[in-house]
$ cat run-v7.tsv   # TSV, C-alpha atoms and all ligand atoms
chain	number	residue	atom	x	y	z
A	25	MET	CA	-4.91	-8.55	62.87
A	26	MET	CA	-1.28	-7.72	62.26
A	27	ARG	CA	-1.08	-10.30	59.47
A	28	ILE	CA	-4.16	-8.90	57.73
A	29	GLY	CA	-2.73	-5.40	58.04
A	30	LYS	CA	0.57	-6.52	56.50
A	31	PHE	CA	-1.27	-8.31	53.72
A	32	ILE	CA	-3.32	-5.20	52.87
A	33	ALA	CA	-0.15	-3.06	52.91
A	34	THR	CA	1.61	-5.49	50.56
A	35	VAL	CA	-1.35	-5.53	48.15
A	36	ALA	CA	-1.48	-1.73	48.26
A	37	ILE	CA	2.23	-1.50	47.43
A	38	ILE	CA	1.87	-3.96	44.53
A	39	VAL	CA	-1.23	-2.17	43.16
A	40	GLY	CA	0.56	1.16	43.59
A	41	LEU	CA	3.55	-0.08	41.65
A	42	LEU	CA	1.53	-1.67	38.84
A	43	PRO	CA	1.25	1.42	36.59
A	44	ALA	CA	4.99	2.09	36.83
A	45	TRP	CA	5.75	-1.57	36.15
A	46	SER	CA	3.41	-1.67	33.15
A	47	ILE	CA	4.98	1.50	31.70
A	48	ALA	CA	8.44	0.00	32.18
A	49	MET	CA	7.30	-3.21	30.45
A	50	LYS	CA	5.78	-1.24	27.59
A	51	GLN	CA	8.96	0.76	27.13
A	52	ARG	CA	11.00	-2.42	27.12
A	53	MET	CA	8.68	-4.04	24.58
A	54	ASN	CA	8.77	-1.00	22.33
A	55	LYS	CA	12.48	-0.46	22.67
A	56	SER	CA	13.01	-1.80	19.18
A	57	ILE	CA	10.52	0.64	17.59
A	58	PRO	CA	12.08	4.10	17.91
A	59	LYS	CA	9.88	7.06	17.07
A	60	GLU	CA	11.43	10.29	15.77
A	61	LEU	CA	10.18	13.58	14.44
A	62	PHE	CA	10.55	13.38	10.62
A	63	GLY	CA	9.41	16.94	9.93
A	64	LYS	CA	6.53	19.37	10.05
A	65	THR	CA	3.83	19.92	7.44
A	66	ALA	CA	3.32	23.40	5.93
A	67	ASP	CA	0.54	23.98	8.49
A	68	GLY	CA	2.85	23.08	11.37
A	69	GLN	CA	1.76	19.54	12.19
A	70	ASP	CA	4.35	17.09	13.49
A	71	VAL	CA	5.10	14.07	11.34
A	72	ASN	CA	6.71	11.16	13.16
A	73	ILE	CA	8.64	8.27	11.73
A	74	TYR	CA	8.85	4.80	13.30
A	75	THR	CA	11.61	2.29	12.70
A	76	LEU	CA	10.45	-1.32	12.77
A	77	THR	CA	13.23	-3.91	12.93
A	78	ASN	CA	12.49	-7.61	12.88
A	79	SER	CA	14.49	-10.47	14.42
A	80	LYS	CA	16.40	-10.95	11.13
A	81	GLY	CA	17.51	-7.32	10.99
A	82	ALA	CA	15.16	-6.27	8.17
A	83	GLU	CA	13.92	-2.72	8.69
A	84	ALA	CA	10.89	-0.67	7.65
A	85	ARG	CA	10.66	3.06	8.36
A	86	ILE	CA	7.08	4.29	8.24
A	87	MET	CA	5.82	7.82	8.82
A	88	THR	CA	2.51	9.22	9.97
A	89	TYR	CA	2.14	11.40	6.84
A	90	GLY	CA	0.31	9.20	4.33
A	91	GLY	CA	1.29	6.06	6.26
A	92	ILE	CA	4.25	6.15	3.90
A	93	VAL	CA	6.90	3.43	3.90
A	94	VAL	CA	9.93	5.72	3.62
A	95	SER	CA	12.47	2.91	3.44
A	96	LEU	CA	12.40	-0.87	3.44
A	97	LYS	CA	15.67	-2.71	3.93
A	98	VAL	CA	15.80	-6.43	3.19
A	99	PRO	CA	18.79	-8.73	2.60
A	100	ASP	CA	20.21	-9.67	-0.81
A	101	LYS	CA	21.61	-13.12	-1.62
A	102	ASN	CA	24.80	-12.28	0.32
A	103	GLY	CA	22.83	-11.19	3.37
A	104	LYS	CA	23.55	-7.52	2.74
A	105	LEU	CA	20.67	-5.19	3.59
A	106	GLY	CA	19.54	-2.72	0.94
A	107	ASP	CA	16.72	-0.23	0.60
A	108	ILE	CA	14.34	-1.50	-2.08
A	109	VAL	CA	11.72	1.30	-2.25
A	110	LEU	CA	11.81	4.69	-3.95
A	111	GLY	CA	11.22	7.82	-1.91
A	112	HIS	CA	12.83	10.87	-0.35
A	113	ASP	CA	15.30	11.63	2.43
A	114	ASP	CA	13.04	14.23	4.03
A	115	LEU	CA	9.39	15.09	4.48
A	116	ALA	CA	9.54	18.06	2.09
A	117	GLY	CA	10.13	15.69	-0.84
A	118	TYR	CA	6.91	13.86	-0.09
A	119	THR	CA	4.66	16.89	0.43
A	120	LYS	CA	5.41	18.42	-3.01
A	121	ASP	CA	2.55	18.54	-5.52
A	122	ASN	CA	4.27	16.26	-8.00
A	123	SER	CA	4.77	13.42	-5.52
A	124	PRO	CA	3.74	10.20	-7.31
A	125	TYR	CA	2.42	8.45	-4.18
A	126	PHE	CA	5.80	6.95	-3.21
A	127	GLY	CA	5.21	4.30	-0.51
A	128	ALA	CA	1.83	5.69	0.49
A	129	LEU	CA	-1.45	4.32	1.75
A	130	ILE	CA	-4.09	5.07	-0.85
A	131	GLY	CA	-7.76	5.79	-0.21
A	132	ARG	CA	-10.62	6.27	0.09
A	133	TYR	CA	-10.70	4.84	-3.40
A	134	GLY	CA	-7.41	3.56	-4.81
A	135	ASN	CA	-7.05	3.84	-8.59
A	136	ARG	CA	-9.52	5.62	-10.88
A	137	ILE	CA	-13.19	6.52	-10.83
A	138	GLY	CA	-14.39	7.54	-14.29
A	139	HIS	CA	-15.53	11.14	-14.83
A	140	GLY	CA	-15.27	11.76	-11.07
A	141	LYS	CA	-18.79	10.46	-10.48
A	142	PHE	CA	-20.70	7.51	-9.12
A	143	SER	CA	-24.16	6.77	-7.76
A	144	LEU	CA	-25.16	4.99	-4.58
A	145	ASP	CA	-28.70	4.45	-3.32
A	146	GLY	CA	-30.02	6.74	-6.06
A	147	HIS	CA	-27.75	9.65	-5.09
A	148	GLU	CA	-25.05	10.89	-7.45
A	149	TYR	CA	-21.72	11.84	-5.86
A	150	THR	CA	-19.23	14.17	-7.55
A	151	LEU	CA	-15.51	13.90	-6.82
A	152	PRO	CA	-12.58	16.17	-7.70
A	153	LYS	CA	-11.07	15.30	-11.09
A	154	ASN	CA	-7.33	15.11	-10.48
A	155	ASN	CA	-6.32	12.88	-13.40
A	156	GLY	CA	-7.65	14.35	-16.65
A	157	GLU	CA	-11.39	13.67	-16.67
A	158	ASN	CA	-11.12	11.19	-13.81
A	159	THR	CA	-10.50	10.85	-10.08
A	160	LEU	CA	-7.27	9.08	-9.09
A	161	HIS	CA	-6.28	7.66	-5.70
A	162	GLY	CA	-8.96	9.36	-3.62
A	163	GLY	CA	-8.89	12.88	-5.13
A	164	ASN	CA	-6.85	15.99	-4.39
A	165	LYS	CA	-6.19	15.10	-0.79
A	166	GLY	CA	-6.36	11.35	-0.50
A	167	PHE	CA	-5.25	9.22	2.44
A	168	ASP	CA	-1.67	9.52	1.13
A	169	LYS	CA	-1.70	13.14	2.34
A	170	ALA	CA	-3.44	12.56	5.68
A	171	ILE	CA	-1.69	12.55	9.04
A	172	TRP	CA	-2.44	9.18	10.62
A	173	LYS	CA	-2.54	8.42	14.35
A	174	ALA	CA	0.09	5.85	15.17
A	175	GLN	CA	0.62	3.23	17.85
A	176	GLU	CA	3.64	0.99	17.88
A	177	SER	CA	3.69	-2.43	19.55
A	178	ASN	CA	5.43	-5.76	19.45
A	179	GLY	CA	3.16	-8.44	18.02
A	180	LYS	CA	3.75	-12.17	18.12
A	181	ASP	CA	4.98	-12.10	14.49
A	182	GLY	CA	7.19	-9.01	14.76
A	183	PRO	CA	7.06	-5.25	15.25
A	184	VAL	CA	3.74	-3.58	14.46
A	185	LEU	CA	2.65	-0.07	13.58
A	186	THR	CA	-1.10	0.53	13.81
A	187	LEU	CA	-2.28	3.59	11.93
A	188	SER	CA	-5.74	5.07	12.11
A	189	TYR	CA	-7.54	7.85	10.32
A	190	LEU	CA	-11.07	9.23	10.31
A	191	SER	CA	-12.12	10.36	6.87
A	192	LYS	CA	-15.03	12.71	7.43
A	193	ASP	CA	-18.39	12.51	5.67
A	194	GLY	CA	-18.02	14.49	2.44
A	195	GLU	CA	-14.21	14.48	2.39
A	196	GLU	CA	-13.11	14.62	-1.27
A	197	GLY	CA	-16.78	14.13	-2.15
A	198	PHE	CA	-17.21	10.66	-0.62
A	199	PRO	CA	-20.21	9.93	1.61
A	200	GLY	CA	-19.98	8.71	5.20
A	201	ASN	CA	-17.59	9.08	8.10
A	202	LEU	CA	-15.10	6.33	7.37
A	203	SER	CA	-12.99	5.12	10.23
A	204	VAL	CA	-9.90	3.39	8.85
A	205	THR	CA	-7.22	1.27	10.51
A	206	VAL	CA	-4.12	-0.01	8.76
A	207	VAL	CA	-1.81	-2.37	10.59
A	208	TYR	CA	1.72	-2.74	9.24
A	209	THR	CA	3.66	-5.73	10.59
A	210	LEU	CA	7.28	-6.40	9.66
A	211	THR	CA	7.20	-10.10	10.42
A	212	ASN	CA	10.20	-12.12	11.56
A	213	ASN	CA	9.72	-14.00	8.29
A	214	ASN	CA	10.74	-10.91	6.28
A	215	GLU	CA	7.21	-10.02	5.25
A	216	LEU	CA	5.64	-6.59	5.19
A	217	LYS	CA	2.08	-7.47	6.13
A	218	ILE	CA	-0.67	-4.89	5.72
A	219	ASP	CA	-4.08	-5.40	7.30
A	220	TYR	CA	-6.67	-2.84	6.27
A	221	SER	CA	-10.03	-2.36	7.96
A	222	ALA	CA	-12.73	0.27	7.82
A	223	LYS	CA	-16.25	1.10	8.99
A	224	THR	CA	-18.70	3.69	7.77
A	225	ASP	CA	-21.85	5.37	9.06
A	226	LYS	CA	-23.32	5.91	5.56
A	227	THR	CA	-23.18	3.73	2.46
A	228	THR	CA	-19.92	4.51	0.66
A	229	VAL	CA	-17.23	3.02	-1.59
A	230	VAL	CA	-13.84	1.87	-0.31
A	231	ASN	CA	-10.75	0.55	-2.08
A	232	LEU	CA	-7.56	0.77	-0.03
A	233	THR	CA	-4.10	-0.05	-1.29
A	234	HIS	CA	-0.39	0.56	-0.83
A	235	HIS	CA	1.78	2.35	-3.38
A	236	SER	CA	5.44	1.41	-2.82
A	237	TYR	CA	7.68	1.63	-5.88
A	238	PHE	CA	9.92	-1.42	-5.58
A	239	ASN	CA	13.36	-1.77	-7.06
A	240	LEU	CA	14.81	-5.04	-5.81
A	241	ALA	CA	18.27	-4.10	-7.11
A	242	GLY	CA	18.17	-0.94	-5.01
A	243	GLY	CA	18.67	1.29	-8.09
A	244	GLY	CA	18.63	1.47	-11.89
A	245	LYS	CA	15.76	0.48	-14.21
A	246	ILE	CA	13.35	-2.32	-13.35
A	247	LEU	CA	13.26	-3.67	-16.94
A	248	ASP	CA	15.32	-6.77	-16.01
A	249	HIS	CA	13.14	-7.61	-13.00
A	250	GLU	CA	11.25	-10.84	-13.74
A	251	VAL	CA	7.56	-10.75	-12.94
A	252	MET	CA	4.91	-13.44	-12.56
A	253	ILE	CA	1.28	-12.42	-12.09
A	254	ASN	CA	-1.19	-15.14	-11.22
A	255	ALA	CA	-3.92	-13.92	-13.59
A	256	ASP	CA	-5.40	-15.19	-16.84
A	257	LYS	CA	-7.29	-11.95	-17.44
A	258	PHE	CA	-6.86	-8.21	-17.12
A	259	THR	CA	-9.17	-5.21	-17.41
A	260	PRO	CA	-8.43	-3.33	-20.67
A	261	THR	CA	-8.88	0.42	-20.48
A	262	ASP	CA	-9.71	3.47	-22.58
A	263	GLU	CA	-7.14	6.25	-23.12
A	264	GLY	CA	-7.94	7.72	-19.67
A	265	LEU	CA	-7.02	4.32	-18.14
A	266	ILE	CA	-10.65	3.65	-17.17
A	267	PRO	CA	-11.61	-0.02	-17.66
A	268	THR	CA	-13.95	-0.66	-20.57
A	269	GLY	CA	-15.75	-3.23	-18.40
A	270	ASP	CA	-14.41	-6.23	-20.35
A	271	LEU	CA	-12.19	-8.91	-18.87
A	272	ALA	CA	-9.65	-9.75	-21.59
A	273	LEU	CA	-7.54	-12.92	-21.75
A	274	VAL	CA	-3.80	-12.29	-21.37
A	275	LYS	CA	-2.87	-15.37	-23.41
A	276	GLY	CA	-0.89	-14.55	-26.53
A	277	THR	CA	-0.39	-10.89	-25.51
A	278	PRO	CA	2.39	-8.92	-23.75
A	279	MET	CA	0.04	-8.84	-20.74
A	280	ASP	CA	0.67	-12.54	-20.11
A	281	PHE	CA	2.77	-12.85	-16.94
A	282	THR	CA	1.48	-16.30	-15.98
A	283	LYS	CA	5.10	-17.42	-16.60
A	284	SER	CA	7.84	-15.30	-15.06
A	285	THR	CA	8.95	-12.76	-17.71
A	286	LYS	CA	11.28	-9.76	-17.72
A	287	VAL	CA	9.39	-6.47	-17.44
A	288	GLY	CA	11.28	-5.11	-20.45
A	289	ALA	CA	10.80	-8.14	-22.69
A	290	ARG	CA	7.60	-6.89	-24.34
A	291	ILE	CA	6.96	-3.45	-22.82
A	292	GLY	CA	7.72	-1.73	-26.16
A	293	ASP	CA	5.53	-4.07	-28.25
A	294	GLU	CA	3.00	-2.65	-30.69
A	295	PHE	CA	0.08	-3.52	-28.45
A	296	LYS	CA	-2.72	-1.01	-28.05
A	297	GLN	CA	-3.08	-1.38	-24.27
A	298	LEU	CA	0.65	-0.79	-23.76
A	299	LYS	CA	0.60	2.25	-26.06
A	300	LEU	CA	-2.37	3.78	-24.19
A	301	ALA	CA	-0.65	3.51	-20.82
A	302	ASN	CA	2.90	4.08	-22.08
A	303	GLY	CA	3.86	0.74	-20.53
A	304	TYR	CA	2.20	-1.47	-17.95
A	305	ASP	CA	-0.38	0.36	-15.85
A	306	HIS	CA	-3.27	-2.08	-15.71
A	307	ASN	CA	-5.35	-4.12	-13.35
A	308	TRP	CA	-4.91	-7.90	-13.52
A	309	VAL	CA	-7.84	-10.11	-12.51
A	310	LEU	CA	-6.29	-12.54	-10.07
A	311	ASN	CA	-6.98	-16.28	-10.43
A	312	LYS	CA	-8.61	-16.98	-7.11
A	313	ASP	CA	-11.51	-18.12	-5.00
A	314	LYS	CA	-13.46	-15.12	-3.76
A	315	ASP	CA	-11.65	-13.25	-1.00
A	316	LYS	CA	-9.31	-16.02	0.14
A	317	MET	CA	-5.65	-15.07	0.60
A	318	THR	CA	-3.84	-16.16	-2.56
A	319	HIS	CA	-0.47	-15.84	-4.22
A	320	ALA	CA	-0.87	-12.87	-6.57
A	321	ALA	CA	2.61	-12.17	-7.94
A	322	THR	CA	6.36	-12.84	-7.74
A	323	VAL	CA	9.16	-10.46	-8.66
A	324	TYR	CA	12.77	-11.66	-9.01
A	325	GLU	CA	15.90	-9.62	-9.59
A	326	SER	CA	18.96	-11.71	-10.49
A	327	THR	CA	21.90	-9.43	-9.54
A	328	SER	CA	20.71	-9.07	-5.93
A	329	GLY	CA	18.96	-12.44	-5.88
A	330	ARG	CA	16.02	-10.75	-4.16
A	331	VAL	CA	12.55	-12.21	-4.54
A	332	MET	CA	9.29	-10.53	-3.60
A	333	ASP	CA	6.10	-12.59	-3.37
A	334	VAL	CA	2.77	-10.81	-3.08
A	335	TYR	CA	-0.19	-12.45	-1.37
A	336	THR	CA	-3.59	-10.83	-1.04
A	337	THR	CA	-7.25	-11.27	-0.24
A	338	GLU	CA	-8.07	-8.71	-2.97
A	339	PRO	CA	-9.46	-9.71	-6.39
A	340	GLY	CA	-7.10	-7.51	-8.46
A	341	ILE	CA	-3.62	-6.06	-8.72
A	342	GLN	CA	-2.43	-2.94	-10.54
A	343	PHE	CA	0.97	-3.55	-12.08
A	344	TYR	CA	2.51	-0.15	-12.82
A	345	THR	CA	6.02	0.24	-14.25
A	346	GLY	CA	6.76	3.83	-13.25
A	347	ASN	CA	5.91	5.11	-16.73
A	348	PHE	CA	5.25	8.64	-15.49
A	349	LEU	CA	8.61	9.03	-13.77
A	350	ASP	CA	10.67	11.29	-16.01
A	351	GLY	CA	13.73	12.36	-14.06
A	352	THR	CA	12.13	15.52	-12.65
A	353	ILE	CA	11.71	14.06	-9.17
A	354	ILE	CA	14.87	14.00	-7.11
A	355	GLY	CA	14.75	11.18	-4.62
A	356	LYS	CA	16.90	9.59	-1.93
A	357	GLY	CA	20.58	10.43	-2.12
A	358	GLY	CA	19.91	13.13	-4.75
A	359	ILE	CA	19.06	10.58	-7.46
A	360	ALA	CA	16.74	11.72	-10.26
A	361	TYR	CA	14.15	9.01	-10.70
A	362	GLN	CA	14.03	8.17	-14.38
A	363	GLN	CA	11.23	6.36	-16.16
A	364	ARG	CA	10.84	2.71	-15.07
A	365	THR	CA	13.14	2.85	-12.07
A	366	GLY	CA	10.45	1.41	-9.78
A	367	LEU	CA	7.47	-0.91	-10.10
A	368	CYS	CA	4.23	-0.97	-8.14
A	369	LEU	CA	2.02	-3.93	-7.36
A	370	GLU	CA	-1.10	-2.36	-5.91
A	371	THR	CA	-3.50	-4.98	-4.61
A	372	GLN	CA	-7.04	-3.71	-5.01
A	373	HIS	CA	-10.56	-4.03	-6.34
A	374	TYR	CA	-10.76	-3.20	-10.03
A	375	PRO	CA	-10.59	0.46	-11.08
A	376	ASP	CA	-13.91	2.26	-11.57
A	377	SER	CA	-15.85	-0.51	-9.80
A	378	PRO	CA	-18.44	2.00	-8.48
A	379	ASN	CA	-19.50	2.51	-12.12
A	380	LYS	CA	-19.10	-1.11	-13.24
A	381	PRO	CA	-21.90	-3.27	-11.81
A	382	SER	CA	-20.29	-6.43	-13.25
A	383	PHE	CA	-17.07	-5.92	-11.21
A	384	PRO	CA	-16.76	-7.15	-7.60
A	385	SER	CA	-18.42	-4.54	-5.41
A	386	THR	CA	-16.55	-1.84	-3.49
A	387	THR	CA	-19.66	-0.69	-1.63
A	388	LEU	CA	-19.46	-0.58	2.17
A	389	LYS	CA	-22.62	-0.21	4.22
A	390	PRO	CA	-23.06	0.82	7.86
A	391	GLY	CA	-22.74	-2.27	10.06
A	392	GLN	CA	-20.37	-3.99	7.61
A	393	LYS	CA	-16.63	-4.26	8.14
A	394	TYR	CA	-14.15	-3.69	5.31
A	395	SER	CA	-11.25	-6.03	5.88
A	396	THR	CA	-8.41	-7.00	3.52
A	397	THR	CA	-4.84	-8.22	3.88
A	398	THR	CA	-1.81	-7.99	1.62
A	399	ILE	CA	1.64	-9.44	2.26
A	400	TYR	CA	4.87	-8.53	0.49
A	401	LYS	CA	7.25	-11.37	1.33
A	402	PHE	CA	10.98	-11.05	0.74
A	403	SER	CA	13.48	-13.85	0.23
A	404	THR	CA	16.49	-14.60	-1.99
A	405	ARG	CA	17.43	-17.12	-4.65
B	501	LIG	C1	-1.12	4.31	-10.21
B	501	LIG	C2	-1.78	4.62	-11.48
B	501	LIG	C3	-0.80	5.21	-12.42
B	501	LIG	C4	-0.15	6.43	-11.81
B	501	LIG	C5	0.47	6.08	-10.50
B	501	LIG	C6	0.99	7.31	-9.81
B	501	LIG	O1	-0.28	3.24	-10.34
B	501	LIG	O2	-2.40	3.51	-12.07
B	501	LIG	O3	-1.44	5.55	-13.61
B	501	LIG	O4	-1.10	7.40	-11.61
B	501	LIG	O5	-0.47	5.45	-9.68
B	501	LIG	O6	1.77	8.11	-10.62
$ encode --input "run-v7.tsv" --output "structure tokens" --more "lines below"
Ligand code: GLA
Amino acid sequence: MMRIGKFIATVAIIVGLLPAWSIAMKQRMNKSIPKELFGKTADGQDVNIYTLTNSKGAEARIMTYGGIVVSLKVPDKNGKLGDIVLGHDDLAGYTKDNSPYFGALIGRYGNRIGHGKFSLDGHEYTLPKNNGENTLHGGNKGFDKAIWKAQESNGKDGPVLTLSYLSKDGEEGFPGNLSVTVVYTLTNNNELKIDYSAKTDKTTVVNLTHHSYFNLAGGGKILDHEVMINADKFTPTDEGLIPTGDLALVKGTPMDFTKSTKVGARIGDEFKQLKLANGYDHNWVLNKDKDKMTHAATVYESTSGRVMDVYTTEPGIQFYTGNFLDGTIIGKGGIAYQQRTGLCLETQHYPDSPNKPSFPSTTLKPGQKYSTTTIYKFSTR
């Protein structure tokens, strides 16, 4: 009897202590992912920032406003860490109207939808036109301006920040309640891995991407960065940067990045597509097998020795050379961001796919799961 009583008491003590033990374990596991208040939005909502540090010392700071990567520190060829993304020192910089999507998660539809319209199941949807005649990056209040729910954890590959957001039926004109999850992992291999997933309760369109402006030198123009894009074709556009629907060969044009080439080598060429966009701001059609993860691009900067490789399950990539930056935005450390001081490699489905039946589909139906992955891998040479 006594022994049974003792046994029950011991079990009770252990069970009683379990919650405290599990909290202690959790705290220990998350010790390397500090969370701080970064600021408050104009309507008084808290915005937190999380610092992810991997086993090699690389660091990504990500905030709940827009899921924005505020800073990303990776080593140069001498092992010295440097911040290689454009952005601001405080929240106020990001919430201004002229913010060019620095470091943000983009949705519900990344890139452009022509004339702010598309049809699905015989119903025409109208979106806000926030880029001339067209809709850009999800409309007036895209996912880059949403406050995401965040949960930090330590995954087997490195520190993880899981962000989630419910985009309500009708938000910015899009149909269906879209429940979105984005998982950022700063792997111990010096990769920023982004897993996107989404579900809807009504047929809708989805095209999620990430909009960091990279500068592997940590400052100055990106014209000497060398870029390789694994694509034989791109989607030429009209003057509003809406694809014509054609897939044009890059061969023999300044759009050919199949061999690593300096950004500035041909950016000023008399080539209609470059004149229309005032530089590179186009979607490349990646050479790949369906939605398998493939090597999409490599960027190399010789003074720092930094290399960035981009891998993705997506069929396209928007290569944008910061053509619209004009020195009016004051960024980190009080620096005015001049034209071409950052470059974006936005993995995606092609722009205006909802109106281009020949392009890979961006339609998501109830019961289906949207799921894509992109990896930005950093190393040195
Ligand atoms: C994308 C677009 C560009 C520009 C930037 C943000 O890269 O393709 O035209 O709008 O976003 O300024």
$ residues_around --input "run-v7.tsv" --residues "Ser221 (chain A)" --least-positions-apart "6" --cutoff "9 Å" --atoms "all atoms listed in the file" --output "count of residues only"
11
$ residues_near_ligand --input "run-v7.tsv" --ligand "ligand LIG 501 (chain B)" --cutoff "7 Å" --atoms "all atoms listed in the file" --output "list in words"
Pro124, Tyr125, Asn135, Leu160, Asp305, His306, Gln342, Tyr344, Phe348 and Cys368 of chain A
$ closest_residue --input "run-v7.tsv" --among "A:Lys165, A:Glu195, A:Ser236, A:Thr398" --to "Lys217 (chain A)" --atoms "only C-alpha atoms"
A:Thr398
$ closest_residue --input "run-v7.tsv" --among "A:Gln297, A:Thr261, A:Thr227, A:Asn102" --to "Ser328 (chain A)" --atoms "all atoms listed in the file"
A:Asn102
$ residues_around --input "run-v7.tsv" --residues "Pro375 (chain A)" --least-positions-apart "2" --cutoff "7 Å" --atoms "only C-alpha atoms" --output "compact mmCIF listing (two decimals) with C-alpha atoms, in the frame of the given file"
# COMPACT_ATOMS: atom_id res chain seq x y z
CA ASN A 135 -7.05 3.84 -8.59
CA ARG A 136 -9.52 5.62 -10.88
CA ILE A 137 -13.19 6.52 -10.83
CA ILE A 266 -10.65 3.65 -17.17
CA PRO A 267 -11.61 -0.02 -17.66
CA HIS A 373 -10.56 -4.03 -6.34
CA SER A 377 -15.85 -0.51 -9.80
$ closest_residue --input "run-v7.tsv" --among "A:Ser56, A:Thr88, A:Gln362, A:Ser177" --to "Asp70 (chain A)" --atoms "all atoms listed in the file"
A:Thr88
$ atom_distance --input "run-v7.tsv" --atom1 "CA of His147 (chain A)" --atom2 "CA of Asp262 (chain A)"
25.9 Å
$ atom_distance --input "run-v7.tsv" --atom1 "CA of Lys314 (chain A)" --atom2 "CA of Gly391 (chain A)"
21.0 Å
$ atom_distance --input "run-v7.tsv" --atom1 "CA of Gly146 (chain A)" --atom2 "CA of Asn158 (chain A)"
20.9 Å
$ closest_residue --input "run-v7.tsv" --among "A:Val331, A:Lys169, A:Phe281, A:Ala320" --to "Lys120 (chain A)" --atoms "all atoms listed in the file"
A:Lys169
$ residues_around --input "run-v7.tsv" --residues "Arg330 (chain A)" --least-positions-apart "4" --cutoff "6 Å" --atoms "all atoms listed in the file" --output "CSV table (one decimal) with C-alpha atoms, in the coordinates of the input"
chain,number,residue,atom,x,y,z
A,100,ASP,CA,20.2,-9.7,-0.8
A,324,TYR,CA,12.8,-11.7,-9.0
A,325,GLU,CA,15.9,-9.6,-9.6
A,403,SER,CA,13.5,-13.8,0.2
A,404,THR,CA,16.5,-14.6,-2.0
$ closest_atom_pairs --input "run-v7.tsv" --of "region 209-281 of chain A" --to "region 78-85 of chain A" --cutoff "10 Å" --atoms "all atoms listed in the file" --output "JSON lines"
{"residue": "A:Thr209", "atom": "CA", "partner": "A:Ala84", "partner_atom": "CA", "distance": 9.3}
{"residue": "A:Leu210", "atom": "CA", "partner": "A:Asn78", "partner_atom": "CA", "distance": 6.2}
{"residue": "A:Thr211", "atom": "CA", "partner": "A:Asn78", "partner_atom": "CA", "distance": 6.3}
{"residue": "A:Asn212", "atom": "CA", "partner": "A:Asn78", "partner_atom": "CA", "distance": 5.2}
{"residue": "A:Asn213", "atom": "CA", "partner": "A:Lys80", "partner_atom": "CA", "distance": 7.9}
{"residue": "A:Asn214", "atom": "CA", "partner": "A:Ala82", "partner_atom": "CA", "distance": 6.7}
{"residue": "A:Glu215", "atom": "CA", "partner": "A:Ala82", "partner_atom": "CA", "distance": 9.3}
{"residue": "A:Leu216", "atom": "CA", "partner": "A:Ala84", "partner_atom": "CA", "distance": 8.3}
$ residues_around --input "run-v7.tsv" --residues "Asp114 (chain A)" --least-positions-apart "3" --cutoff "9 Å" --atoms "all atoms listed in the file" --output "list in words"
Phe62, Gly63, Gly111, Gly117, Tyr118 and Lys356 of chain A
$ residues_around --input "run-v7.tsv" --residues "Gly303 (chain A)" --least-positions-apart "5" --cutoff "9 Å" --atoms "only C-alpha atoms" --output "list of chain:residue names"
A:Ile291, A:Gly292, A:Gln297, A:Leu298, A:Tyr344, A:Thr345, A:Gly346, A:Asn347
$ axis_aligned_box --input "run-v7.tsv" --around "region 64-75 of chain A" --padding-each-side "4 Å" --output "JSON"
{"center_x": 6.1, "center_y": 13.1, "center_z": 9.7, "size_x": 19.1, "size_y": 29.7, "size_z": 15.6}
$ decode --input "run-v7.tsv" --residues "region 291-297 of chain A" --atoms "N, CA, C and O atoms" --output "compact mmCIF listing (two decimals), in the first residue's frame"
# COMPACT_ATOMS: atom_id res chain seq x y z
N ILE A 291 23.62 47.68 -68.92
CA ILE A 291 22.36 48.26 -68.42
C ILE A 291 21.96 49.54 -69.19
O ILE A 291 20.78 49.87 -69.30
N GLY A 292 22.97 50.23 -69.76
CA GLY A 292 22.69 51.46 -70.50
C GLY A 292 22.53 51.24 -72.00
O GLY A 292 22.41 52.21 -72.76
N ASP A 293 22.54 49.99 -72.43
CA ASP A 293 22.44 49.70 -73.88
C ASP A 293 21.15 50.23 -74.48
O ASP A 293 20.13 50.34 -73.79
N GLU A 294 21.23 50.52 -75.79
CA GLU A 294 20.02 50.94 -76.52
C GLU A 294 19.20 49.69 -76.80
O GLU A 294 19.26 49.11 -77.88
N PHE A 295 18.46 49.26 -75.80
CA PHE A 295 17.65 48.05 -75.95
C PHE A 295 16.28 48.41 -75.40
O PHE A 295 16.16 48.86 -74.25
N LYS A 296 15.26 48.24 -76.23
CA LYS A 296 13.93 48.74 -75.89
C LYS A 296 13.45 48.32 -74.49
O LYS A 296 12.97 49.16 -73.70
N GLN A 297 13.64 47.04 -74.15
CA GLN A 297 13.16 46.56 -72.85
C GLN A 297 13.86 47.27 -71.68
O GLN A 297 13.25 47.53 -70.65
